[in-house]
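Asker: Contents of input.txt (compact mmCIF, C-alpha atoms and all ligand atoms) are given next:
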# COMPACT_ATOMS: atom_id res chain seq x y z
CA MET V 16 108.51 -108.60 105.78
CA SER V 17 106.37 -110.80 107.99
CA ASN V 18 106.18 -110.23 111.72
CA GLU V 19 107.73 -113.57 112.39
CA LYS V 20 111.29 -113.03 113.49
CA SER V 21 113.83 -115.24 111.81
CA ASN V 22 116.51 -116.77 113.90
CA ARG V 23 119.32 -116.10 111.50
CA LYS V 24 122.65 -116.05 113.26
CA VAL V 25 124.81 -113.09 112.34
CA LEU V 26 128.60 -112.91 112.36
CA VAL V 27 130.23 -109.49 112.26
CA VAL V 28 133.84 -109.48 111.04
CA GLY V 29 135.47 -106.20 112.01
CA GLY V 30 133.06 -105.70 114.87
CA THR V 31 135.12 -103.25 116.89
CA GLY V 32 135.54 -100.87 113.95
CA TYR V 33 133.85 -97.54 113.39
CA ILE V 34 130.83 -98.87 111.50
CA GLY V 35 131.24 -102.46 112.74
CA ARG V 36 130.54 -101.65 116.41
CA ARG V 37 127.25 -100.05 115.41
CA ILE V 38 126.31 -103.08 113.33
CA VAL V 39 126.94 -105.35 116.32
CA LYS V 40 124.74 -103.06 118.43
CA ALA V 41 121.96 -103.02 115.82
CA SER V 42 122.07 -106.81 115.41
CA LEU V 43 121.66 -107.28 119.17
CA ALA V 44 118.93 -104.63 119.28
CA GLN V 45 116.96 -106.36 116.51
CA GLY V 46 117.18 -109.62 118.42
CA TYR V 47 119.48 -111.68 116.22
CA PRO V 48 121.88 -114.17 117.76
CA THR V 49 125.02 -112.15 117.21
CA TYR V 50 128.57 -113.44 116.78
CA VAL V 51 131.62 -111.22 116.65
CA LEU V 52 135.03 -112.27 115.36
CA GLN V 53 137.61 -111.82 118.08
CA ARG V 54 141.14 -111.80 116.79
CA PRO V 55 143.81 -113.80 118.62
CA ALA V 56 145.87 -112.35 121.45
CA ALA V 57 148.81 -111.46 119.24
CA GLU V 58 146.60 -109.34 116.97
CA ILE V 59 144.81 -107.54 119.80
CA GLY V 60 148.12 -106.90 121.53
CA LEU V 61 147.70 -104.21 124.14
CA ASP V 62 144.77 -102.48 122.45
CA ILE V 63 142.72 -102.39 125.62
CA GLU V 64 139.86 -100.39 124.07
CA LYS V 65 139.38 -103.14 121.46
CA LEU V 66 139.29 -105.82 124.13
CA GLU V 67 136.97 -103.78 126.32
CA MET V 68 134.57 -103.37 123.43
CA LEU V 69 134.57 -107.10 122.70
CA LEU V 70 133.86 -107.84 126.36
CA SER V 71 131.05 -105.31 126.41
CA PHE V 72 129.50 -107.02 123.37
CA LYS V 73 129.70 -110.29 125.28
CA LYS V 74 127.99 -108.75 128.30
CA GLN V 75 125.21 -107.61 125.99
CA GLY V 76 124.72 -111.18 124.78
CA ALA V 77 127.02 -111.48 121.78
CA HIS V 78 129.12 -114.60 121.21
CA LEU V 79 132.80 -113.99 120.62
CA VAL V 80 134.40 -116.33 118.08
CA GLU V 81 138.17 -116.44 117.82
CA GLY V 82 139.59 -116.18 114.33
CA SER V 83 142.22 -114.56 112.18
CA PHE V 84 142.76 -113.72 108.54
CA SER V 85 146.16 -115.39 108.98
CA ASP V 86 144.44 -118.68 109.83
CA PHE V 87 142.13 -119.73 106.99
CA GLN V 88 140.58 -122.67 108.86
CA SER V 89 139.60 -120.34 111.73
CA LEU V 90 137.58 -118.27 109.23
CA VAL V 91 135.87 -121.38 107.85
CA ASP V 92 135.02 -122.52 111.40
CA ALA V 93 133.66 -119.09 112.30
CA VAL V 94 131.40 -118.74 109.27
CA LYS V 95 130.11 -122.31 109.74
CA LYS V 96 128.48 -121.19 112.98
CA VAL V 97 126.19 -118.62 111.34
CA ASP V 98 123.73 -117.84 108.55
CA VAL V 99 124.71 -114.27 107.75
CA VAL V 100 128.18 -112.72 107.56
CA ILE V 101 128.66 -108.96 107.64
CA CYS V 102 132.18 -107.72 106.99
CA THR V 103 133.09 -104.21 108.07
CA MET V 104 136.76 -104.43 107.17
CA SER V 105 138.70 -101.19 107.21
CA GLY V 106 138.78 -99.09 104.06
CA VAL V 107 139.74 -95.56 105.04
CA HIS V 108 143.29 -94.67 104.15
CA PHE V 109 144.15 -92.51 107.15
CA ARG V 110 143.06 -95.39 109.42
CA SER V 111 143.89 -98.69 107.71
CA HIS V 112 142.76 -100.26 104.48
CA ASN V 113 142.62 -104.00 104.22
CA LEU V 114 139.70 -104.51 101.88
CA MET V 115 141.50 -107.18 99.85
CA LEU V 116 141.79 -109.43 102.92
CA GLN V 117 138.11 -110.04 102.31
CA LEU V 118 139.04 -112.41 99.46
CA LYS V 119 140.04 -114.91 102.14
CA LEU V 120 136.70 -114.49 103.84
CA VAL V 121 134.91 -115.04 100.52
CA GLU V 122 136.94 -118.23 100.04
CA ALA V 123 136.06 -119.39 103.57
CA ILE V 124 132.35 -118.73 102.97
CA LYS V 125 132.54 -120.66 99.71
CA GLN V 126 134.22 -123.60 101.39
CA ALA V 127 131.83 -123.60 104.38
CA GLY V 128 128.84 -123.56 102.04
CA ASN V 129 126.19 -122.67 104.65
CA VAL V 130 126.01 -118.87 104.48
CA LYS V 131 122.65 -117.50 103.30
CA ARG V 132 123.74 -113.88 102.95
CA PHE V 133 127.07 -112.07 102.84
CA LEU V 134 127.42 -108.31 103.17
CA PRO V 135 130.97 -107.24 102.28
CA SER V 136 132.56 -104.01 103.45
CA GLU V 137 130.95 -101.38 101.24
CA PHE V 138 128.99 -98.60 102.98
CA GLY V 139 129.95 -95.76 100.66
CA LEU V 140 129.87 -94.64 97.04
CA ASP V 141 128.58 -97.47 94.85
CA PRO V 142 131.79 -98.89 93.35
CA ALA V 143 129.86 -100.23 90.35
CA ARG V 144 129.21 -96.61 89.33
CA MET V 145 132.80 -95.44 89.88
CA GLY V 146 134.57 -96.95 86.87
CA HIS V 147 135.69 -93.43 85.92
CA ALA V 148 137.01 -92.53 89.39
CA LEU V 149 140.20 -90.50 89.79
CA GLU V 150 143.56 -91.82 90.87
CA PRO V 151 144.59 -92.59 93.51
CA GLY V 152 141.19 -92.67 95.28
CA ARG V 153 139.78 -95.15 92.78
CA VAL V 154 141.65 -97.92 94.60
CA THR V 155 138.76 -98.06 97.10
CA PHE V 156 136.26 -98.79 94.34
CA ASP V 157 138.53 -101.09 92.35
CA GLU V 158 139.14 -103.23 95.40
CA LYS V 159 135.48 -103.36 96.36
CA MET V 160 134.67 -104.47 92.79
CA LYS V 161 137.25 -107.26 92.99
CA VAL V 162 135.61 -108.48 96.17
CA ARG V 163 132.19 -108.32 94.50
CA LYS V 164 133.46 -110.35 91.57
CA ALA V 165 134.80 -113.05 93.89
CA ILE V 166 131.45 -113.19 95.72
CA GLU V 167 129.45 -113.46 92.52
CA ASP V 168 131.84 -115.98 90.93
CA ALA V 169 131.46 -118.15 94.04
CA LYS V 170 127.65 -117.76 93.81
CA ILE V 171 127.44 -116.54 97.39
CA PRO V 172 124.13 -114.79 98.15
CA PHE V 173 124.86 -111.14 98.87
CA THR V 174 123.58 -107.66 99.60
CA TYR V 175 125.69 -104.56 98.98
CA VAL V 176 124.88 -101.66 101.29
CA CYS V 177 125.87 -98.40 99.58
CA GLY V 178 124.97 -94.88 98.86
CA ALA V 179 125.47 -92.58 101.84
CA ALA V 180 128.29 -90.55 103.32
CA PHE V 181 128.81 -91.09 107.04
CA ALA V 182 127.50 -88.11 109.00
CA GLY V 183 130.53 -88.20 111.31
CA TYR V 184 132.88 -87.54 108.40
CA PHE V 185 130.64 -85.33 106.24
CA ALA V 186 128.04 -83.50 108.37
CA GLY V 187 129.64 -82.72 111.75
CA ASN V 188 132.46 -80.86 109.99
CA LEU V 189 130.22 -79.26 107.32
CA SER V 190 132.15 -81.47 104.87
CA GLN V 191 135.51 -79.83 105.57
CA MET V 192 138.51 -82.07 105.06
CA GLY V 193 141.05 -82.71 107.80
CA THR V 194 138.71 -81.95 110.67
CA LEU V 195 135.77 -83.59 112.45
CA VAL V 196 134.19 -80.50 114.01
CA PRO V 197 132.47 -77.51 112.41
CA PRO V 198 134.63 -74.55 111.40
CA LYS V 199 134.17 -71.45 113.55
CA ASP V 200 134.45 -68.61 111.02
CA LYS V 201 135.05 -69.71 107.45
CA VAL V 202 133.73 -72.61 105.46
CA LEU V 203 135.08 -73.96 102.19
CA VAL V 204 132.20 -74.49 99.76
CA TYR V 205 132.69 -76.93 96.88
CA GLY V 206 131.69 -75.38 93.57
CA ASP V 207 128.36 -73.61 93.95
CA GLY V 208 127.56 -75.80 96.96
CA ASN V 209 124.30 -76.94 95.41
CA THR V 210 125.03 -80.63 94.81
CA LYS V 211 122.79 -82.98 96.74
CA VAL V 212 124.60 -85.37 99.06
CA SER V 213 123.14 -88.41 100.76
CA ILE V 214 124.24 -88.30 104.40
CA MET V 215 123.28 -90.71 107.13
CA ASP V 216 123.85 -91.09 110.85
CA GLU V 217 126.05 -94.17 111.28
CA ASP V 218 123.60 -95.72 113.76
CA ASP V 219 120.89 -95.55 111.10
CA ILE V 220 123.22 -97.15 108.54
CA ALA V 221 123.63 -100.02 110.98
CA THR V 222 119.89 -100.28 111.60
CA TYR V 223 119.11 -100.52 107.87
CA THR V 224 121.96 -102.97 107.35
CA ILE V 225 120.49 -105.37 109.89
CA LYS V 226 116.95 -104.81 108.59
CA THR V 227 118.00 -106.16 105.21
CA ILE V 228 119.80 -109.39 106.13
CA ASP V 229 116.68 -111.53 106.00
CA ASP V 230 114.73 -109.61 103.40
CA PRO V 231 114.18 -111.46 100.11
CA ARG V 232 113.72 -108.10 98.37
CA THR V 233 117.44 -107.34 98.75
CA LEU V 234 118.82 -110.78 97.97
CA ASN V 235 121.61 -110.34 95.40
CA LYS V 236 120.89 -106.64 95.18
CA THR V 237 122.27 -103.30 96.30
CA LEU V 238 120.57 -101.54 99.18
CA TYR V 239 120.99 -97.82 98.57
CA LEU V 240 120.92 -95.54 101.59
CA ARG V 241 119.31 -92.47 100.09
CA PRO V 242 116.76 -91.11 102.56
CA PRO V 243 114.74 -88.35 100.82
CA GLU V 244 114.87 -86.05 103.86
CA ASN V 245 118.65 -86.36 104.22
CA LEU V 246 119.86 -85.19 100.82
CA PRO V 247 121.16 -81.76 101.76
CA THR V 248 123.38 -79.66 99.58
CA GLN V 249 126.52 -78.39 101.28
CA ARG V 250 124.89 -74.94 101.39
CA GLU V 251 121.85 -76.35 103.17
CA LEU V 252 124.11 -78.11 105.65
CA VAL V 253 125.90 -74.84 106.38
CA GLN V 254 122.52 -73.10 106.69
CA ILE V 255 121.33 -75.65 109.27
CA TRP V 256 124.50 -75.02 111.26
CA GLU V 257 124.19 -71.24 110.98
CA ASN V 258 120.64 -71.47 112.31
CA LEU V 259 121.80 -73.55 115.27
CA LEU V 260 124.65 -71.15 115.93
CA GLY V 261 122.74 -67.91 115.33
CA LYS V 262 125.70 -66.70 113.31
CA LYS V 263 126.78 -66.59 109.66
CA LEU V 264 130.00 -68.18 108.42
CA GLU V 265 132.16 -66.65 105.73
CA LYS V 266 131.89 -68.78 102.57
CA ILE V 267 134.90 -69.42 100.42
CA PHE V 268 133.93 -70.97 97.11
CA ILE V 269 136.44 -73.29 95.52
CA SER V 270 136.31 -74.29 91.86
CA LYS V 271 136.76 -77.90 90.88
CA GLU V 272 140.08 -77.07 89.22
CA ASP V 273 141.47 -75.47 92.36
CA PHE V 274 140.09 -78.25 94.54
CA LEU V 275 141.70 -80.96 92.39
CA ALA V 276 144.96 -79.00 92.31
CA SER V 277 145.01 -79.11 96.13
CA MET V 278 145.86 -82.82 95.82
CA LYS V 279 149.44 -81.91 94.93
CA GLY V 280 151.77 -82.18 97.89
CA MET V 281 149.27 -84.11 100.00
CA ASP V 282 150.04 -87.51 101.44
CA PHE V 283 148.36 -90.57 99.93
CA ALA V 284 145.38 -90.53 102.33
CA GLY V 285 144.77 -86.88 101.55
CA GLN V 286 144.85 -87.51 97.81
CA VAL V 287 142.37 -90.35 98.19
CA GLY V 288 140.15 -88.04 100.22
CA VAL V 289 140.25 -85.22 97.63
CA GLY V 290 139.23 -87.67 94.91
CA HIS V 291 136.31 -88.97 96.95
CA PHE V 292 135.17 -85.46 97.90
CA TYR V 293 135.41 -84.45 94.24
CA HIS V 294 133.09 -87.26 93.16
CA ILE V 295 130.65 -86.53 95.95
CA PHE V 296 130.51 -82.71 95.78
CA TYR V 297 131.34 -81.79 92.17
CA GLU V 298 129.97 -84.79 90.29
CA GLY V 299 127.16 -85.61 92.68
CA SER V 300 128.00 -89.31 92.54
CA LEU V 301 125.84 -90.17 95.54
CA THR V 302 122.66 -88.75 94.01
CA ASN V 303 123.03 -88.28 90.24
CA PHE V 304 121.41 -91.54 89.20
CA GLU V 305 118.10 -93.34 89.42
CA ILE V 306 118.03 -96.53 91.44
CA GLY V 307 117.35 -99.25 88.90
CA ARG V 308 116.26 -102.86 89.07
CA GLU V 309 119.53 -103.90 90.66
CA GLY V 310 118.80 -101.85 93.75
CA GLU V 311 116.32 -100.84 96.43
CA GLU V 312 116.21 -97.70 98.57
CA ALA V 313 116.43 -98.32 102.30
CA SER V 314 113.94 -95.78 103.67
CA LYS V 315 111.38 -96.97 101.13
CA LEU V 316 111.76 -100.62 102.13
CA TYR V 317 111.80 -99.88 105.85
CA PRO V 318 109.55 -96.87 106.46
CA GLU V 319 109.30 -97.81 110.13
CA VAL V 320 112.89 -96.67 110.71
CA LYS V 321 112.86 -93.07 111.94
CA TYR V 322 116.16 -91.90 110.57
CA THR V 323 117.95 -88.94 112.10
CA ARG V 324 117.57 -85.70 110.12
CA MET V 325 120.67 -83.55 109.80
CA ASP V 326 119.20 -80.58 111.75
CA GLU V 327 118.74 -82.95 114.69
CA TYR V 328 122.11 -84.60 114.11
CA LEU V 329 124.07 -81.33 114.17
CA LYS V 330 122.61 -80.15 117.50
CA VAL V 331 125.17 -82.07 119.52
CA TYR V 332 128.01 -80.18 117.79
CA ALA V 333 126.71 -76.79 118.94
P1 LIG O 1 137.79 -99.27 110.54
O1 LIG O 1 139.00 -98.49 110.16
O2 LIG O 1 137.08 -98.83 111.77
O3 LIG O 1 138.20 -100.81 110.64
C1 LIG O 1 137.23 -101.82 110.76
C2 LIG O 1 137.81 -103.11 111.18
O4 LIG O 1 138.69 -103.65 110.22
C3 LIG O 1 138.68 -103.10 112.43
O5 LIG O 1 137.93 -102.90 113.58
C4 LIG O 1 139.33 -104.47 112.35
O6 LIG O 1 138.52 -105.50 112.92
C5 LIG O 1 139.32 -104.75 110.85
N1 LIG O 1 140.67 -105.01 110.39
C6 LIG O 1 141.60 -104.15 109.98
N2 LIG O 1 142.73 -104.81 109.70
C7 LIG O 1 142.49 -106.13 109.93
C8 LIG O 1 143.26 -107.33 109.82
N3 LIG O 1 144.52 -107.30 109.41
N4 LIG O 1 142.68 -108.50 110.16
C9 LIG O 1 141.41 -108.52 110.59
N5 LIG O 1 140.63 -107.45 110.71
C10 LIG O 1 141.19 -106.27 110.38
O7 LIG O 1 136.77 -99.29 109.30
P2 LIG O 1 135.57 -98.31 108.97
O8 LIG O 1 134.42 -98.65 109.83
O9 LIG O 1 136.08 -96.92 108.95
O10 LIG O 1 135.26 -98.70 107.43
C11 LIG O 1 134.41 -99.75 107.08
C12 LIG O 1 133.86 -99.54 105.66
O11 LIG O 1 133.11 -98.33 105.60
C13 LIG O 1 134.91 -99.45 104.55
O12 LIG O 1 134.47 -100.18 103.45
C14 LIG O 1 134.96 -97.97 104.22
O13 LIG O 1 135.31 -97.71 102.87
C15 LIG O 1 133.55 -97.53 104.50
N6 LIG O 1 133.45 -96.11 104.91
C16 LIG O 1 132.51 -95.30 104.33
C17 LIG O 1 132.38 -93.97 104.73
C18 LIG O 1 131.34 -93.10 104.15
O14 LIG O 1 131.34 -91.90 104.38
N7 LIG O 1 130.38 -93.64 103.42
C19 LIG O 1 133.25 -93.40 105.77
C20 LIG O 1 134.16 -94.35 106.35
C21 LIG O 1 134.26 -95.65 105.92
P3 LIG O 1 138.52 -105.93 114.51
O15 LIG O 1 137.28 -105.32 115.05
O16 LIG O 1 138.49 -107.40 114.46
O17 LIG O 1 139.76 -105.38 115.10
C1 LIG O 2 135.29 -91.89 103.40
C2 LIG O 2 137.77 -88.14 104.42
C3 LIG O 2 137.48 -87.20 105.40
C4 LIG O 2 139.02 -88.09 103.79
C5 LIG O 2 132.92 -93.08 100.75
C6 LIG O 2 139.97 -87.12 104.12
C7 LIG O 2 134.67 -94.71 100.91
C8 LIG O 2 133.52 -94.28 100.33
C9 LIG O 2 130.96 -91.71 100.66
O1 LIG O 2 136.16 -91.57 106.08
O2 LIG O 2 138.28 -90.90 101.53
O3 LIG O 2 138.22 -85.27 106.69
O4 LIG O 2 131.75 -92.74 100.14
O5 LIG O 2 140.57 -85.21 105.45
O6 LIG O 2 132.89 -94.99 99.35
C10 LIG O 2 137.27 -90.53 104.21
C11 LIG O 2 136.73 -91.51 103.19
C12 LIG O 2 136.74 -89.13 104.05
C13 LIG O 2 137.11 -90.86 105.64
C14 LIG O 2 136.95 -90.92 101.83
C15 LIG O 2 134.70 -92.74 102.32
C16 LIG O 2 133.51 -92.33 101.73
C17 LIG O 2 135.26 -93.95 101.90
C18 LIG O 2 138.43 -86.23 105.75
C19 LIG O 2 139.67 -86.19 105.09
C20 LIG O 2 137.03 -85.26 107.37
Can you present the structure in this file as structure tokens?
Ligand code: NDP
Ligand code: GO6
Answerer:
Amino acid sequence: MSNEKSNRKVLVVGGTGYIGRRIVKASLAQGYPTYVLQRPAAEIGLDIEKLEMLLSFKKQGAHLVEGSFSDFQSLVDAVKKVDVVICTMSGVHFRSHNLMLQLKLVEAIKQAGNVKRFLPSEFGLDPARMGHALEPGRVTFDEKMKVRKAIEDAKIPFTYVCGAAFAGYFAGNLSQMGTLVPPKDKVLVYGDGNTKVSIMDEDDIATYTIKTIDDPRTLNKTLYLRPPENLPTQRELVQIWENLLGKKLEKIFISKEDFLASMKGMDFAGQVGVGHFYHIFYEGSLTNFEIGREGEEASKLYPEVKYTRMDEYLKVYA
């Protein structure tokens, strides 16, 4: 890219969310005029942390734009103010999952007609490669593909940001389900534990996402987050942690059959999680393919970004 900074205005929809808040921060840090959708009073209710976050964005220079998915015209008005729309709508079943609401946003962008780039809520396994995914977790990919189809049918310029597991959900806990902190004594190892997994610090995901919004190389393409120095196997992740701790953990190896059988009796969110973990750790779905002409790899396009390595990342958990 040239050194000349574009003045593209960026709207983040879902800006107080887990990845969304980091995208707002990265957009401000990279100097873009940044707009954040603020939902109306009735939708914020008494969620004081959400309001506090919105106000802190405003103090840092962001513009808050009121709008709601229950008010189509408010979405049209919001997207008319900007050049780039990034949607970070929820898509994690134990939080909330409203990916299909994005169809309204796609419709609003189509009607407004001014948006130069739309980034829908992706940020995970590439749904285009998950046609074979297991029930019930495949709903995530099926819904993301429906949103993609609507975008492409409407001829809206897009970039899909895919390809990494969030470090907060997959590294800090050594990829154990149902917890966010490292286990103290025993660690469940998926299969032989030698499948490579692309893992990225969420702040780096946000940095790359903003890097790409004005880059012609990723127009109508997928930006894969697959940093060559952050493709640990689960065993390597455990090893990093053991080195930090100065102690060995007991490893319990679980076969794919036993892991899949563990789905029985779980709630829906748990079943979705098992399916996703299966694709990531047994199939290697984050790393078992070459990036073709439809995609670009983020660390290759933006070598100036010094992404966090997992040995550094895990230090704070010790
Ligand atoms: P969150 O659960 O944090 O939710 C994000 C935002 O969704 C909320 O802040 C809220 O926006 C918005 N939202 C939810 N319901 C509504 C509604 N009814 N109307 C308007 N806005 C609504 O999402 P995540 O950050 O966890 O997930 C974002 C994406 O990242 C998903 O696509 C998910 O699949 C993916 N992901 C990938 C992971 C990985 O390991 N690769 C891990 C986790 C998620 P507001 O700020 O306006 O309140
Ligand atoms: C993350 C999770 C963690 C589930 C993706 C259950 C979409 C993706 C890497 O974030 O269900 O404990 O690709 O007990 O495309 C969740 C989901 C992972 C939470 C997967 C995700 C990853 C969504 C759990 C758990 C830590």
Asker: Can you list every residue of chain V that has an atom at most 9 Å from ligand LIG 2 (chain O), with its nearest atom pair and the distance in Å to one decimal, using all atoms listed in the file, ordered by chain then number, as a Markdown table?
Answerer:
| residue | atom | partner | partner_atom | distance |
| --- | --- | --- | --- | --- |
| V:Gly106 | CA | O:LIG2 | C17 | 6.6 |
| V:Val107 | CA | O:LIG2 | C11 | 5.4 |
| V:His108 | CA | O:LIG2 | O2 | 6.8 |
| V:Phe109 | CA | O:LIG2 | C13 | 7.4 |
| V:Arg110 | CA | O:LIG2 | C13 | 8.4 |
| V:Glu137 | CA | O:LIG2 | O6 | 6.9 |
| V:Phe138 | CA | O:LIG2 | O6 | 6.4 |
| V:Gly139 | CA | O:LIG2 | O6 | 3.3 |
| V:Leu140 | CA | O:LIG2 | O6 | 3.8 |
| V:Asp141 | CA | O:LIG2 | O6 | 6.7 |
| V:Pro142 | CA | O:LIG2 | O6 | 7.2 |
| V:Gly152 | CA | O:LIG2 | O2 | 7.1 |
| V:Thr155 | CA | O:LIG2 | C7 | 6.5 |
| V:Phe156 | CA | O:LIG2 | O6 | 7.1 |
| V:Cys177 | CA | O:LIG2 | O6 | 7.8 |
| V:Gly178 | CA | O:LIG2 | C9 | 7.0 |
| V:Ala179 | CA | O:LIG2 | C9 | 5.7 |
| V:Ala180 | CA | O:LIG2 | C9 | 3.9 |
| V:Phe181 | CA | O:LIG2 | C9 | 6.8 |
| V:Gly183 | CA | O:LIG2 | C20 | 8.1 |
| V:Tyr184 | CA | O:LIG2 | C20 | 4.8 |
| V:Phe185 | CA | O:LIG2 | C20 | 6.5 |
| V:Gly187 | CA | O:LIG2 | C20 | 9.0 |
| V:Asn188 | CA | O:LIG2 | C20 | 6.9 |
| V:Ser190 | CA | O:LIG2 | C20 | 6.7 |
| V:Gln191 | CA | O:LIG2 | C20 | 5.9 |
| V:Met192 | CA | O:LIG2 | O3 | 3.6 |
| V:Gly193 | CA | O:LIG2 | O5 | 3.5 |
| V:Thr194 | CA | O:LIG2 | C20 | 5.0 |
| V:Leu195 | CA | O:LIG2 | C20 | 5.5 |
| V:Val196 | CA | O:LIG2 | C20 | 8.6 |
| V:Ser213 | CA | O:LIG2 | C9 | 8.5 |
| V:Ile214 | CA | O:LIG2 | C9 | 8.4 |
| V:Ala284 | CA | O:LIG2 | C6 | 6.6 |
| V:Gly285 | CA | O:LIG2 | C6 | 5.5 |
| V:Gln286 | CA | O:LIG2 | C6 | 8.0 |
| V:Val287 | CA | O:LIG2 | O2 | 5.3 |
| V:Gly288 | CA | O:LIG2 | O2 | 3.7 |
| V:Val289 | CA | O:LIG2 | C6 | 6.8 |
| V:Gly290 | CA | O:LIG2 | O2 | 7.4 |
| V:His291 | CA | O:LIG2 | C14 | 5.3 |
| V:Phe292 | CA | O:LIG2 | C14 | 7.0 |
| V:His294 | CA | O:LIG2 | O4 | 9.0 |
| V:Ile295 | CA | O:LIG2 | C9 | 7.0 |
| V:Ser300 | CA | O:LIG2 | C9 | 9.0 |
| V:Leu301 | CA | O:LIG2 | C9 | 7.4 |
Asker: At a cut-off of 10 Å, using all atoms listed in the file, what residues contact V:Arg36? Leave out same-chain residues fewer than 6 positions from it and give the result as a ChimeraX atom specification.
Answerer: /V:27,29-30,42,51,68-69,72,103,218,221
Asker: Closest to V:Leu52 among V:Val39, V:Ala93, V:Leu70, V:Leu329, using all atoms listed in the file?
Answerer: V:Ala93
Asker: Rounded to one decimal in Å, what is the spacing between atom CA of V:Ser83 and atom CA of V:Lys95?
Answerer: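 Between atom CA of V:Ser83 and atom CA of V:Lys95 the gap is 14.6 Å.
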Asker: Counting all atoms listed in the file, figure out which residue out of V:Leu120, V:Met104, V:Ile171, V:Ile166 gets nearest to V:Tyr33.
Answerer: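 Answer, going by the shortest atom-to-atom distance: V:Met104.
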Asker: Could you write stretch 270-275 of chain V as a PDB file, keeping the file's coordinate frame, with all heavy atoms rebuilt where they are missing?
Answerer:
ATOM      1  N   SER V 270     136.647 -73.663  93.151  1.00  0.00           N
ATOM      2  CA  SER V 270     136.310 -74.290  91.860  1.00  0.00           C
ATOM      3  C   SER V 270     136.835 -75.717  91.842  1.00  0.00           C
ATOM      4  O   SER V 270     137.736 -76.072  92.611  1.00  0.00           O
ATOM      5  CB  SER V 270     136.978 -73.510  90.714  1.00  0.00           C
ATOM      6  OG  SER V 270     138.378 -73.703  90.772  1.00  0.00           O
ATOM      7  N   LYS V 271     136.305 -76.509  90.927  1.00  0.00           N
ATOM      8  CA  LYS V 271     136.760 -77.900  90.880  1.00  0.00           C
ATOM      9  C   LYS V 271     138.228 -77.981  90.488  1.00  0.00           C
ATOM     10  O   LYS V 271     138.959 -78.826  90.989  1.00  0.00           O
ATOM     11  CB  LYS V 271     135.865 -78.772  90.006  1.00  0.00           C
ATOM     12  CG  LYS V 271     135.921 -78.551  88.537  1.00  0.00           C
ATOM     13  CD  LYS V 271     135.124 -79.668  87.849  1.00  0.00           C
ATOM     14  CE  LYS V 271     134.457 -79.152  86.598  1.00  0.00           C
ATOM     15  NZ  LYS V 271     133.439 -80.033  86.070  1.00  0.00           N
ATOM     16  N   GLU V 272     138.664 -77.056  89.631  1.00  0.00           N
ATOM     17  CA  GLU V 272     140.080 -77.070  89.220  1.00  0.00           C
ATOM     18  C   GLU V 272     140.990 -76.817  90.430  1.00  0.00           C
ATOM     19  O   GLU V 272     141.970 -77.525  90.641  1.00  0.00           O
ATOM     20  CB  GLU V 272     140.345 -76.020  88.131  1.00  0.00           C
ATOM     21  CG  GLU V 272     139.682 -76.318  86.784  1.00  0.00           C
ATOM     22  CD  GLU V 272     138.170 -76.009  86.758  1.00  0.00           C
ATOM     23  OE1 GLU V 272     137.686 -75.251  87.635  1.00  0.00           O
ATOM     24  OE2 GLU V 272     137.471 -76.548  85.868  1.00  0.00           O
ATOM     25  N   ASP V 273     140.639 -75.796  91.197  1.00  0.00           N
ATOM     26  CA  ASP V 273     141.470 -75.470  92.360  1.00  0.00           C
ATOM     27  C   ASP V 273     141.405 -76.597  93.406  1.00  0.00           C
ATOM     28  O   ASP V 273     142.398 -76.913  94.054  1.00  0.00           O
ATOM     29  CB  ASP V 273     141.023 -74.156  93.010  1.00  0.00           C
ATOM     30  CG  ASP V 273     141.405 -72.955  92.155  1.00  0.00           C
ATOM     31  OD1 ASP V 273     142.168 -73.147  91.162  1.00  0.00           O
ATOM     32  OD2 ASP V 273     140.948 -71.839  92.459  1.00  0.00           O
ATOM     33  N   PHE V 274     140.206 -77.170  93.554  1.00  0.00           N
ATOM     34  CA  PHE V 274     140.090 -78.250  94.540  1.00  0.00           C
ATOM     35  C   PHE V 274     140.954 -79.432  94.138  1.00  0.00           C
ATOM     36  O   PHE V 274     141.713 -79.973  94.950  1.00  0.00           O
ATOM     37  CB  PHE V 274     138.623 -78.674  94.698  1.00  0.00           C
ATOM     38  CG  PHE V 274     138.436 -79.734  95.753  1.00  0.00           C
ATOM     39  CD1 PHE V 274     138.672 -79.440  97.095  1.00  0.00           C
ATOM     40  CD2 PHE V 274     138.056 -81.030  95.409  1.00  0.00           C
ATOM     41  CE1 PHE V 274     138.526 -80.422  98.078  1.00  0.00           C
ATOM     42  CE2 PHE V 274     137.913 -82.011  96.390  1.00  0.00           C
ATOM     43  CZ  PHE V 274     138.140 -81.703  97.713  1.00  0.00           C
ATOM     44  N   LEU V 275     140.889 -79.824  92.859  1.00  0.00           N
ATOM     45  CA  LEU V 275     141.700 -80.960  92.390  1.00  0.00           C
ATOM     46  C   LEU V 275     143.191 -80.649  92.499  1.00  0.00           C
ATOM     47  O   LEU V 275     143.991 -81.524  92.845  1.00  0.00           O
ATOM     48  CB  LEU V 275     141.328 -81.327  90.951  1.00  0.00           C
ATOM     49  CG  LEU V 275     140.024 -82.104  90.812  1.00  0.00           C
ATOM     50  CD1 LEU V 275     139.693 -82.331  89.343  1.00  0.00           C
ATOM     51  CD2 LEU V 275     140.094 -83.444  91.563  1.00  0.00           C
TER      52      LEU V 275
END
